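S.K.: I have a structure here, written as C-alpha cells, and I will follow up with some questions on it.
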Amino acid sequence: DQNGTELELPHLAAEFPKKATGMWAGELYVAKGRSRSFLVASAIAKDPSTLSLAIFDVADATVKSINERYEKIRQSFPDKGTVHVISVEQAPSRKSIQEQFQSVTNAGGEGVVVHISTGIGYKIKPLQSIDCIVLGYAVRENKPQIRELLLGLATEKGFRIIGKVSNGFSESDRTE
C-alpha cells in the first residue's frame, strides 16, 4: 500500500501472468461499481478477494517512449480479468480528449489520464468543490508552517471529519 505495508493478495498473485517480469505500476480497485479509495481500503481490511489490479505503466529504463511502454504492457497482460492492462486510446486533438473525458465521466468513470509525447502524464478529473471547515492543523517540525489541514463538514449533529489535505500549498501559503 502507499505506506509501504506489504499486502497479501494471493488471488491477484495467482492471476499475474508469468511472462510479466519486472516492475509494474498499477491501481487496485473494487470491480463492482465506481471504485473509491475508501472502498479499496475496506476491501483490503475485510475481503481482499474483491480487488482487481489494472496495470498502467512499466518501470523499465530501457523502454523510453510512451508507445513502447504501452506496447510492453499490452504484450505482458490480458485485456480483461482480475489483473489486466488499462484501455488506451490515442487522441489526435484536444477536442478528442475532451470528448473521451465526457464519455468516460458520463459513464460514471473517474476521469482520464493523458500522456504527452515526452511521457509526462496528466490526470484529468471533473472539478468538484465543497465548502469545508478547517477543524485542525499540523505544523512542520522544522519550520513555522502548516504541514496539513484536517477538514470537516457542518452537520446538524456537529462536525463530520471528511479528511486531511497536505498537497497544493505553496511555501508562502504554508507560512501564511
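Chain labels run A, B, ... following the order of the C-alpha cells; each chain numbers its residues from 1, and ligands are numbered from 1 in the order shown.
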Can you list, as a ChimeraX atom specification, every residue of region 40-86 of chain A that DSSP puts in helix (DSSP H, G or I)?
M.R.: /A:40-46,48-50,66-76
S.K.: Give me the residues within 12 Å of Arg140 (chain A) as a list of chain:residue names, counting only C-alpha atoms and dropping any in the same chain fewer than 3 places off.
M.R.: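 That gives A:Tyr137, A:Lys143, A:Pro144, A:Gln145, A:Ile146, A:Arg147, A:Glu148, A:Leu149, A:Ser166, A:Glu171, A:Arg174, A:Thr175.
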S.K.: Only all heavy atoms, please: the residues just picked out, written as a CSV table (one decimal), in the first residue's frame.
M.R.:
```csv
chain,number,residue,atom,x,y,z
A,137,TYR,N,-5.1,21.5,12.4
A,137,TYR,CA,-3.9,21.6,11.5
A,137,TYR,C,-2.7,21.0,12.2
A,137,TYR,O,-2.7,20.9,13.5
A,137,TYR,CB,-3.6,23.0,11.1
A,137,TYR,CG,-3.3,24.0,12.2
A,137,TYR,CD1,-1.9,24.2,12.5
A,137,TYR,CD2,-4.2,24.6,12.9
A,137,TYR,CE1,-1.6,25.1,13.5
A,137,TYR,CE2,-3.9,25.5,13.9
A,137,TYR,CZ,-2.6,25.7,14.2
A,137,TYR,OH,-2.2,26.6,15.2
A,143,LYS,N,9.9,24.0,10.4
A,143,LYS,CA,9.6,25.4,10.0
A,143,LYS,C,8.3,25.8,10.7
A,143,LYS,O,7.4,24.9,10.9
A,143,LYS,CB,9.4,25.4,8.5
A,143,LYS,CG,10.6,25.2,7.7
A,143,LYS,CD,10.3,25.3,6.2
A,143,LYS,CE,11.5,24.9,5.3
A,143,LYS,NZ,11.1,25.0,3.9
A,144,PRO,N,8.1,27.1,10.8
A,144,PRO,CA,6.8,27.5,11.4
A,144,PRO,C,5.7,27.6,10.2
A,144,PRO,O,5.3,28.7,9.8
A,144,PRO,CB,7.1,28.9,12.0
A,144,PRO,CG,8.2,29.4,11.1
A,144,PRO,CD,9.0,28.2,10.8
A,145,GLN,N,5.4,26.4,9.7
A,145,GLN,CA,4.4,26.4,8.6
A,145,GLN,C,3.5,25.2,8.8
A,145,GLN,O,3.8,24.2,9.5
A,145,GLN,CB,5.2,26.0,7.3
A,145,GLN,CG,6.1,27.1,6.8
A,145,GLN,CD,6.8,26.7,5.5
A,145,GLN,OE1,7.2,25.5,5.3
A,145,GLN,NE2,7.1,27.6,4.6
A,146,ILE,N,2.3,25.3,8.2
A,146,ILE,CA,1.4,24.2,8.3
A,146,ILE,C,1.9,23.0,7.5
A,146,ILE,O,2.6,23.2,6.4
A,146,ILE,CB,0.0,24.5,7.8
A,146,ILE,CG1,0.0,24.9,6.3
A,146,ILE,CG2,-0.7,25.5,8.7
A,146,ILE,CD1,-1.4,24.9,5.7
A,147,ARG,N,1.7,21.8,8.0
A,147,ARG,CA,2.0,20.6,7.2
A,147,ARG,C,0.7,20.0,6.5
A,147,ARG,O,0.8,19.6,5.4
A,147,ARG,CB,2.6,19.5,8.2
A,147,ARG,CG,3.1,18.3,7.4
A,147,ARG,CD,3.6,17.2,8.4
A,147,ARG,NE,2.6,16.6,9.1
A,147,ARG,CZ,2.6,16.3,10.4
A,147,ARG,NH1,3.6,16.6,11.1
A,147,ARG,NH2,1.5,15.7,11.0
A,148,GLU,N,-0.4,20.0,7.3
A,148,GLU,CA,-1.6,19.6,6.7
A,148,GLU,C,-2.8,20.2,7.5
A,148,GLU,O,-2.6,20.7,8.6
A,148,GLU,CB,-1.7,18.0,6.8
A,148,GLU,CG,-1.7,17.5,8.2
A,148,GLU,CD,-1.5,15.9,8.2
A,148,GLU,OE1,-1.1,15.4,7.2
A,148,GLU,OE2,-1.8,15.4,9.2
A,149,LEU,N,-4.0,20.1,6.9
A,149,LEU,CA,-5.2,20.6,7.5
A,149,LEU,C,-6.2,19.4,7.6
A,149,LEU,O,-6.2,18.6,6.8
A,149,LEU,CB,-5.9,21.6,6.6
A,149,LEU,CG,-5.1,22.9,6.2
A,149,LEU,CD1,-5.9,23.8,5.3
A,149,LEU,CD2,-4.8,23.7,7.5
A,166,SER,N,-2.7,17.8,2.5
A,166,SER,CA,-1.4,18.3,2.7
A,166,SER,C,-0.7,18.7,1.3
A,166,SER,O,0.4,19.2,1.3
A,166,SER,CB,-0.5,17.2,3.3
A,166,SER,OG,-0.5,16.1,2.6
A,171,GLU,N,4.9,27.3,-0.6
A,171,GLU,CA,5.6,27.6,0.7
A,171,GLU,C,5.0,28.9,1.4
A,171,GLU,O,4.9,28.9,2.6
A,171,GLU,CB,7.1,27.8,0.4
A,171,GLU,CG,7.8,26.5,0.0
A,171,GLU,CD,7.7,25.4,1.1
A,171,GLU,OE1,8.2,25.7,2.2
A,171,GLU,OE2,7.3,24.3,0.8
A,174,ARG,N,1.8,28.0,3.1
A,174,ARG,CA,2.0,27.3,4.4
A,174,ARG,C,2.5,28.2,5.5
A,174,ARG,O,2.1,28.0,6.6
A,174,ARG,CB,3.1,26.2,4.1
A,174,ARG,CG,2.6,25.1,3.2
A,174,ARG,CD,3.7,24.0,3.1
A,174,ARG,NE,3.3,23.0,2.1
A,174,ARG,CZ,2.5,22.0,2.4
A,174,ARG,NH1,2.0,21.9,3.6
A,174,ARG,NH2,2.2,21.1,1.5
A,175,THR,N,3.2,29.2,5.2
A,175,THR,CA,3.6,30.2,6.2
A,175,THR,C,2.5,31.1,6.6
A,175,THR,O,2.3,31.4,7.8
A,175,THR,CB,4.8,31.1,5.7
A,175,THR,OG1,5.9,30.2,5.3
A,175,THR,CG2,5.3,32.0,6.7
```
S.K.: List as a CSV table (one decimal) with N, CA and C atoms, in the first residue's frame the protein and nucleic acid residues near Ser35 (chain A), meaning an atom at most 12 Å away when only C-alpha atoms are counted, but skip any in the same chain fewer than 2 places from it.
M.R.:
```csv
chain,number,residue,atom,x,y,z
A,27,GLU,N,-3.1,0.0,-10.4
A,27,GLU,CA,-4.0,0.5,-9.4
A,27,GLU,C,-5.0,-0.6,-8.9
A,28,LEU,N,-5.0,-0.8,-7.6
A,28,LEU,CA,-6.0,-1.7,-7.0
A,28,LEU,C,-7.4,-1.0,-7.1
A,29,TYR,N,-8.4,-1.8,-7.4
A,29,TYR,CA,-9.7,-1.2,-7.4
A,29,TYR,C,-10.8,-2.3,-7.1
A,30,VAL,N,-11.9,-1.8,-6.7
A,30,VAL,CA,-13.1,-2.7,-6.4
A,30,VAL,C,-13.8,-2.7,-7.8
A,31,ALA,N,-14.0,-3.9,-8.3
A,31,ALA,CA,-14.5,-4.0,-9.7
A,31,ALA,C,-16.0,-3.7,-9.8
A,32,LYS,N,-16.7,-3.8,-8.7
A,32,LYS,CA,-18.2,-3.6,-8.7
A,32,LYS,C,-18.5,-2.1,-8.5
A,33,GLY,N,-19.1,-1.5,-9.5
A,33,GLY,CA,-19.5,0.0,-9.4
A,33,GLY,C,-18.3,0.8,-9.5
A,37,SER,N,-11.3,5.2,-3.0
A,37,SER,CA,-10.2,4.8,-2.1
A,37,SER,C,-10.7,4.2,-0.8
A,38,PHE,N,-11.8,4.7,-0.3
A,38,PHE,CA,-12.3,4.1,1.0
A,38,PHE,C,-12.9,2.7,0.8
A,39,LEU,N,-13.4,2.5,-0.5
A,39,LEU,CA,-13.9,1.1,-0.8
A,39,LEU,C,-12.7,0.1,-0.9
A,40,VAL,N,-11.6,0.6,-1.5
A,40,VAL,CA,-10.4,-0.2,-1.6
A,40,VAL,C,-9.9,-0.5,-0.2
A,41,ALA,N,-9.8,0.5,0.6
A,41,ALA,CA,-9.3,0.3,2.0
A,41,ALA,C,-10.2,-0.7,2.7
A,42,SER,N,-11.5,-0.6,2.6
A,42,SER,CA,-12.4,-1.5,3.3
A,42,SER,C,-12.2,-2.9,2.7
A,43,ALA,N,-12.0,-3.1,1.4
A,43,ALA,CA,-11.8,-4.4,0.8
A,43,ALA,C,-10.5,-5.0,1.3
A,50,THR,N,-12.1,-9.2,-3.4
A,50,THR,CA,-13.0,-8.4,-4.3
A,50,THR,C,-12.2,-7.4,-5.1
A,51,LEU,N,-10.8,-7.4,-4.9
A,51,LEU,CA,-10.0,-6.4,-5.6
A,51,LEU,C,-9.5,-6.9,-6.9
A,52,SER,N,-9.4,-6.0,-7.9
A,52,SER,CA,-8.7,-6.2,-9.1
A,52,SER,C,-7.5,-5.3,-9.3
A,53,LEU,N,-6.7,-5.6,-10.3
A,53,LEU,CA,-5.5,-4.7,-10.5
A,53,LEU,C,-5.4,-4.3,-11.9
A,108,GLY,N,-19.8,7.2,-15.7
A,108,GLY,CA,-19.6,7.0,-14.2
A,108,GLY,C,-18.1,6.8,-13.9
A,109,GLY,N,-17.2,7.0,-14.9
A,109,GLY,CA,-15.8,6.9,-14.7
A,109,GLY,C,-15.2,8.1,-13.9
A,110,GLU,N,-14.1,7.9,-13.4
A,110,GLU,CA,-13.4,8.9,-12.5
A,110,GLU,C,-12.8,10.0,-13.3
```
S.K.: Output as number ranges by chain all residues of chain A that backbone DSSP marks as strand (DSSP E).
M.R.: A: 23-30, 51-59, 83-85, 112-115, 121-124, 133-139, 146-155, 158-165
S.K.: Between A:Ile55, A:Leu127, A:Ile162, A:Ile66, which residue has the minimum interatomic distance to Val83 (chain A), considering only C-alpha atoms?
M.R.: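 Once distances to Val83 (chain A) are computed over only C-alpha atoms, the minimum belongs to A:Ile55.
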S.K.: From the set A:Leu150, A:Phe77, A:Gly168, A:Ile120, which residue has the shortest atom-to-atom contact distance to Ala138 (chain A), counting only C-alpha atoms?
M.R.: A:Leu150
S.K.: When you count only C-alpha atoms, which of these residues is closest to Asp47 (chain A): A:Glu8, A:Lys19, A:Gly26, A:Asn67?
M.R.: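 Closest residue, counting only C-alpha atoms: A:Glu8.
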S.K.: Determine, counting only C-alpha atoms, which protein, DNA and RNA residues have an atom within 8 Å of an atom of Leu151 (chain A); residues of the same chain fewer than 2 positions away are not included. Present the result as a PyMOL selection string.
M.R.: chain A and resi 132-136+149+153+161-165
S.K.: Kindly save the residues from that selection, with C-alpha atoms included, as a PDB file, in the first residue's frame.
M.R.:
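For reference, selection08.pdb as written:
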```pdb
ATOM      1  CA  CYS A 132     -15.254  22.680   4.220  1.00  0.00           C
ATOM      2  CA  ILE A 133     -14.339  23.783   7.690  1.00  0.00           C
ATOM      3  CA  VAL A 134     -10.763  23.596   8.969  1.00  0.00           C
ATOM      4  CA  LEU A 135     -11.112  21.569  12.162  1.00  0.00           C
ATOM      5  CA  GLY A 136      -7.420  21.387  12.918  1.00  0.00           C
ATOM      6  CA  LEU A 149      -5.195  20.602   7.465  1.00  0.00           C
ATOM      7  CA  LEU A 153     -18.385  19.443   7.126  1.00  0.00           C
ATOM      8  CA  ILE A 161     -14.407  14.813   9.601  1.00  0.00           C
ATOM      9  CA  ILE A 162     -14.005  14.227   5.876  1.00  0.00           C
ATOM     10  CA  GLY A 163     -10.245  14.013   5.584  1.00  0.00           C
ATOM     11  CA  LYS A 164      -6.933  15.753   5.647  1.00  0.00           C
ATOM     12  CA  VAL A 165      -5.084  17.650   2.942  1.00  0.00           C
TER      13      VAL A 165
END
```
S.K.: I'd like to know which of A:His84, A:Lys18, A:Lys125, A:Lys95 is closest to Asp57 (chain A), using only C-alpha atoms.
M.R.: A:His84
S.K.: List as a JSON list (two decimals) with C-alpha atoms, in the first residue's frame the protein and nucleic acid residues near Ile97 (chain A), meaning an atom at most 12 Å away when only C-alpha atoms are counted, but skip any in the same chain fewer than 5 places from it.
M.R.:
```json
[["chain", "number", "residue", "atom", "x", "y", "z"],
["A", 88, "VAL", "CA", -5.54, 3.09, -24.07],
["A", 89, "GLU", "CA", -6.60, 5.31, -26.95],
["A", 90, "GLN", "CA", -4.62, 7.78, -28.99],
["A", 91, "ALA", "CA", -6.15, 11.22, -29.23],
["A", 92, "PRO", "CA", -5.38, 13.23, -32.37],
["A", 102, "GLN", "CA", -17.00, 13.39, -21.33],
["A", 103, "SER", "CA", -17.69, 9.83, -22.44],
["A", 104, "VAL", "CA", -15.79, 8.32, -19.50],
["A", 111, "GLY", "CA", -11.62, 10.67, -15.37],
["A", 112, "VAL", "CA", -8.79, 10.08, -17.82],
["A", 113, "VAL", "CA", -5.01, 10.13, -17.82],
["A", 114, "VAL", "CA", -3.38, 11.91, -20.75],
["A", 115, "HIS", "CA", 0.24, 11.21, -21.61],
["A", 116, "ILE", "CA", 2.02, 13.63, -23.90],
["A", 122, "TYR", "CA", -1.78, 14.33, -16.53],
["A", 123, "LYS", "CA", -4.75, 13.03, -14.58],
["A", 124, "ILE", "CA", -7.91, 14.86, -15.64]]
```
S.K.: By how many Å are CA of Asp60 (chain A) and CA of Lys72 (chain A) apart?
M.R.: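 These two atoms are separated by 9.9 Å.
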S.K.: Using only C-alpha atoms for the distances, tell me which of A:Lys46, A:Arg160, A:Lys80, A:Arg69 is nearest to Gly119 (chain A).
M.R.: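 Closest to Gly119 (chain A) of all the choices is A:Arg69.
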S.K.: Find the distance between CA of Ser76 (chain A) and CA of Ala25 (chain A) and write it in Å to one decimal.
M.R.: 12.8 Å
S.K.: Can you measure CA of Phe159 (chain A) to CA of Val139 (chain A) for me? One decimal in Å is fine.
M.R.: 22.0 Å
S.K.: Rank nothing, just name the residue among A:Thr82, A:Gln100, A:Ser170, A:Ser93 nearest to Ser49 (chain A), using only C-alpha atoms.
M.R.: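 Ranked by minimum distance to Ser49 (chain A), first place goes to A:Thr82.
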